[in-house]
>>> print(open('coords26.cif').read())   # mmCIF, C-alpha atoms
data_my_file
#
loop_
_atom_site.label_atom_id
_atom_site.label_comp_id
_atom_site.auth_asym_id
_atom_site.auth_seq_id
_atom_site.Cartn_x
_atom_site.Cartn_y
_atom_site.Cartn_z
CA MET A 22 -15.09 4.63 14.53
CA TYR A 23 -17.56 7.29 13.35
CA SER A 24 -16.68 10.96 12.92
CA ASP A 25 -19.69 12.00 10.80
CA ILE A 26 -23.16 10.49 11.09
CA LEU A 27 -26.11 11.39 8.89
CA LEU A 28 -29.66 11.24 10.22
CA ALA A 29 -32.15 11.45 7.38
CA THR A 30 -35.46 12.51 8.88
CA GLY A 31 -38.95 13.05 7.64
CA GLY A 32 -40.05 14.64 10.90
CA GLU A 33 -42.63 11.93 11.61
CA ALA A 34 -43.03 9.96 14.82
CA ALA A 35 -41.27 6.97 13.26
CA SER A 36 -38.10 9.06 13.22
CA ASP A 37 -38.02 9.51 17.03
CA ARG A 38 -36.25 6.23 17.76
CA ALA A 39 -33.83 6.83 14.90
CA THR A 40 -33.13 10.31 16.27
CA ASP A 41 -32.41 8.94 19.74
CA HIS A 42 -30.13 6.28 18.27
CA ALA A 43 -28.23 8.75 16.05
CA ILE A 44 -27.73 11.22 18.91
CA GLN A 45 -26.49 8.44 21.23
CA LEU A 46 -24.07 7.17 18.57
CA ALA A 47 -22.77 10.66 17.85
CA ALA A 48 -22.28 11.35 21.56
CA HIS A 49 -20.51 8.01 22.11
CA HIS A 50 -18.13 8.53 19.18
CA ASP A 51 -17.76 12.30 19.63
CA ALA A 52 -19.02 12.59 16.05
CA THR A 53 -20.75 15.38 14.19
CA LEU A 54 -24.41 14.65 13.54
CA HIS A 55 -25.64 15.83 10.15
CA VAL A 56 -29.43 16.12 10.03
CA LEU A 57 -31.04 16.13 6.60
CA TYR A 58 -34.61 16.71 5.47
CA VAL A 59 -35.41 16.25 1.79
CA VAL A 60 -38.23 18.28 0.29
CA ASP A 61 -39.71 15.68 -2.05
CA SER A 62 -39.79 17.22 -5.52
CA ASP A 63 -42.27 14.58 -6.72
CA VAL A 64 -44.82 15.90 -4.23
CA TYR A 65 -44.72 19.54 -5.21
CA ASP A 66 -44.20 18.82 -8.93
CA ALA A 67 -47.52 16.95 -8.91
CA TYR A 68 -49.45 20.19 -8.25
CA SER A 69 -50.21 22.65 -11.02
CA GLY A 70 -49.99 25.61 -8.66
CA ASP A 71 -53.10 27.23 -10.16
CA GLU A 72 -54.79 27.40 -6.76
CA TYR A 73 -51.98 29.47 -5.22
CA VAL A 74 -51.59 33.23 -5.52
CA ASP A 75 -47.81 33.08 -5.28
CA GLU A 76 -45.11 30.47 -4.72
CA ARG A 77 -44.90 31.18 -0.97
CA GLU A 78 -48.32 29.56 -0.57
CA GLY A 79 -47.61 26.40 -2.58
CA PRO A 80 -46.84 22.89 -1.37
CA GLU A 81 -43.08 23.39 -1.77
CA HIS A 82 -43.10 26.18 0.79
CA GLY A 83 -45.19 24.10 3.21
CA LEU A 84 -42.81 21.16 2.88
CA GLU A 85 -39.84 23.45 3.50
CA GLU A 86 -41.46 24.67 6.72
CA VAL A 87 -42.03 21.09 7.88
CA GLY A 88 -38.41 20.28 7.06
CA GLU A 89 -37.04 23.31 8.90
CA GLU A 90 -39.07 22.40 11.98
CA ALA A 91 -37.96 18.75 11.78
CA VAL A 92 -34.22 19.45 11.51
CA GLY A 93 -34.48 22.24 14.09
CA ALA A 94 -36.10 19.93 16.64
CA VAL A 95 -33.42 17.27 16.13
CA ALA A 96 -30.66 19.89 16.32
CA ASP A 97 -32.02 21.14 19.65
CA ARG A 98 -32.07 17.59 21.05
CA ALA A 99 -28.54 16.94 19.80
CA ARG A 100 -27.17 20.17 21.28
CA ASP A 101 -28.88 19.36 24.59
CA ALA A 102 -26.95 16.07 24.54
CA GLY A 103 -23.67 17.87 23.85
CA VAL A 104 -23.45 16.69 20.23
CA ALA A 105 -22.05 18.84 17.41
CA VAL A 106 -24.79 19.14 14.81
CA GLU A 107 -25.21 20.51 11.31
CA THR A 108 -28.56 20.75 9.54
CA ALA A 109 -29.46 20.71 5.87
CA LEU A 110 -32.56 21.01 3.74
CA ARG A 111 -32.37 19.72 0.18
CA HIS A 112 -34.82 19.40 -2.70
CA GLY A 113 -35.10 16.28 -4.82
CA ARG A 114 -36.14 12.66 -4.68
CA PRO A 115 -35.47 11.53 -1.10
CA PRO A 116 -33.51 8.29 -1.65
CA GLU A 117 -31.15 9.68 -4.26
CA THR A 118 -30.75 13.00 -2.44
CA ILE A 119 -29.95 11.29 0.87
CA VAL A 120 -27.24 9.14 -0.71
CA GLU A 121 -25.84 12.09 -2.69
CA PHE A 122 -25.67 14.20 0.49
CA ALA A 123 -24.01 11.32 2.37
CA ARG A 124 -21.34 11.09 -0.34
CA GLU A 125 -20.77 14.86 -0.46
CA THR A 126 -20.50 15.08 3.32
CA ASP A 127 -18.35 11.93 3.47
CA VAL A 128 -20.37 10.47 6.33
CA ASP A 129 -19.37 7.21 7.95
CA LEU A 130 -22.91 6.07 8.69
CA VAL A 131 -26.49 6.87 7.65
CA VAL A 132 -29.25 6.42 10.24
CA MET A 133 -32.89 6.18 9.17
CA GLY A 134 -36.14 5.31 10.85
CA THR A 135 -38.96 3.21 9.49
CA ARG A 136 -42.28 1.93 10.75
CA ARG A 137 -42.55 -1.80 11.26
CA ARG A 138 -45.99 -3.21 10.73
CA PRO A 139 -46.21 -6.62 12.43
CA ASP A 140 -48.80 -8.07 10.06
CA GLU A 141 -47.15 -6.90 6.87
CA TYR A 142 -44.18 -9.16 6.21
CA ARG A 143 -43.16 -7.48 2.96
CA SER A 144 -43.47 -3.94 4.29
CA LEU A 145 -40.75 -4.05 6.93
CA LEU A 146 -38.91 -1.21 5.21
CA GLY A 147 -40.41 1.86 3.62
CA SER A 148 -39.65 2.56 0.00
CA VAL A 149 -37.27 5.45 0.77
CA THR A 150 -35.33 3.40 3.30
CA ASP A 151 -35.25 0.38 1.01
CA ARG A 152 -33.92 2.46 -1.88
CA VAL A 153 -31.25 4.14 0.29
CA LEU A 154 -30.09 0.69 1.40
CA ARG A 155 -29.73 -0.34 -2.23
CA LEU A 156 -27.92 2.85 -3.35
CA ALA A 157 -25.58 3.60 -0.45
CA GLU A 158 -21.98 2.44 -0.34
CA MET A 159 -21.58 3.43 3.32
CA PRO A 160 -23.22 1.58 6.22
CA VAL A 161 -26.89 2.32 6.86
CA THR A 162 -28.56 1.65 10.20
CA VAL A 163 -32.33 1.23 10.10
CA VAL A 164 -34.17 1.82 13.36
CA LYS A 165 -37.60 0.22 13.30
CA THR A 166 -40.56 1.66 15.17
CA PRO A 167 -43.61 -0.53 15.70
CA VAL A 168 -46.78 1.04 14.29
CA GLU A 169 -48.39 0.89 17.74
CA ALA A 170 -45.70 3.27 19.06
CA VAL A 171 -46.42 5.72 16.23
CA GLU A 172 -50.22 5.58 16.43
CA GLY A 173 -50.57 5.19 20.17
#
>>> encode(input="coords26.cif", output="structure tokens")
Amino acid sequence: MYSDILLATGGEAASDRATDHAIQLAAHHDATLHVLYVVDSDVYDAYSGDEYVDEREGPEHGLEEVGEEAVGAVADRARDAGVAVETALRHGRPPETIVEFARETDVDLVVMGTRRRPDEYRSLLGSVTDRVLRLAEMPVTVVKTPVEAVEG
């Protein structure tokens, strides 16, 4: 049913359950798992850069390092599970970049994690996840993580 699955990760604890789910799905369907981290251009564009000596010290470089670590950790877990994996790091606005990557890669399914806060009815989905759901033509699976599991 699935030959290519995209896991969009931010590297945070809320992505752990989504990572497990994506790896299990890929293993079950003998699919390739594509792992994507988006360096949020809005974050690094908000800084003037005056406080940095060169671009290697700026927020963009720091976000790239976080992204490389995040996709690397998922790739290691996937390989340990016998899953074919490809990693990617892109720059842009996360929702649009995730959907664009999914189209380019022709994935069958997008998997994303989100934190579920029990007392916040209207905040069941994060803004990135919500926007991906609205933009994507392909199926999107959202794996919710209770806040207690993230904080505890």
>>> closest_residue(input="coords26.cif", among="A:Lys165, A:Arg98, A:Arg124, A:His82", to="Asp61 of chain A", atoms="only C-alpha atoms")
A:His82
>>> closest_residue(input="coords26.cif", among="A:Pro167, A:Gly93, A:Gly83, A:Gly88", to="Thr135 of chain A", atoms="only C-alpha atoms")
A:Pro167
>>> resolve_selection(input="coords26.cif", expression="the PyMOL selection byres ((chain A and resi 114) around 10)", output="VMD selection string")
chain A and resid 59 to 64 111 to 113 115 to 119 149
>>> resolve_selection(input="coords26.cif", expression="the PyMOL selection byres ((chain A and resi 23-33) around 9)", output="ChimeraX atom specification")
/A:22,34-37,39-40,43-44,46-47,50-59,87-88,90-92,94-95,119,122-123,126-134,171
>>> closest_residue(input="coords26.cif", among="A:Arg38, A:Ala48, A:Leu84, A:Val164", to="Val106 of chain A", atoms="only C-alpha atoms")
A:Ala48
>>> atom_distance(input="coords26.cif", atom1="atom CA of Val120 of chain A", atom2="atom CA of His49 of chain A")
23.8 Å
>>> atom_distance(input="coords26.cif", atom1="atom CA of Glu125 of chain A", atom2="atom CA of Asp151 of chain A")
20.5 Å
>>> axis_aligned_box(input="coords26.cif", around="segment 113-131 of chain A", padding_each_side="4 Å", output="JSON")
{"center_x": -27.2, "center_y": 11.2, "center_z": 1.9, "size_x": 25.8, "size_y": 18.2, "size_z": 21.5}
>>> closest_residue(input="coords26.cif", among="A:Glu158, A:Asp41, A:Glu89, A:Ala96", to="Leu110 of chain A", atoms="all atoms listed in the file")
A:Glu89
>>> atom_distance(input="coords26.cif", atom1="atom CA of Pro160 of chain A", atom2="atom CA of Glu86 of chain A")
29.4 Å
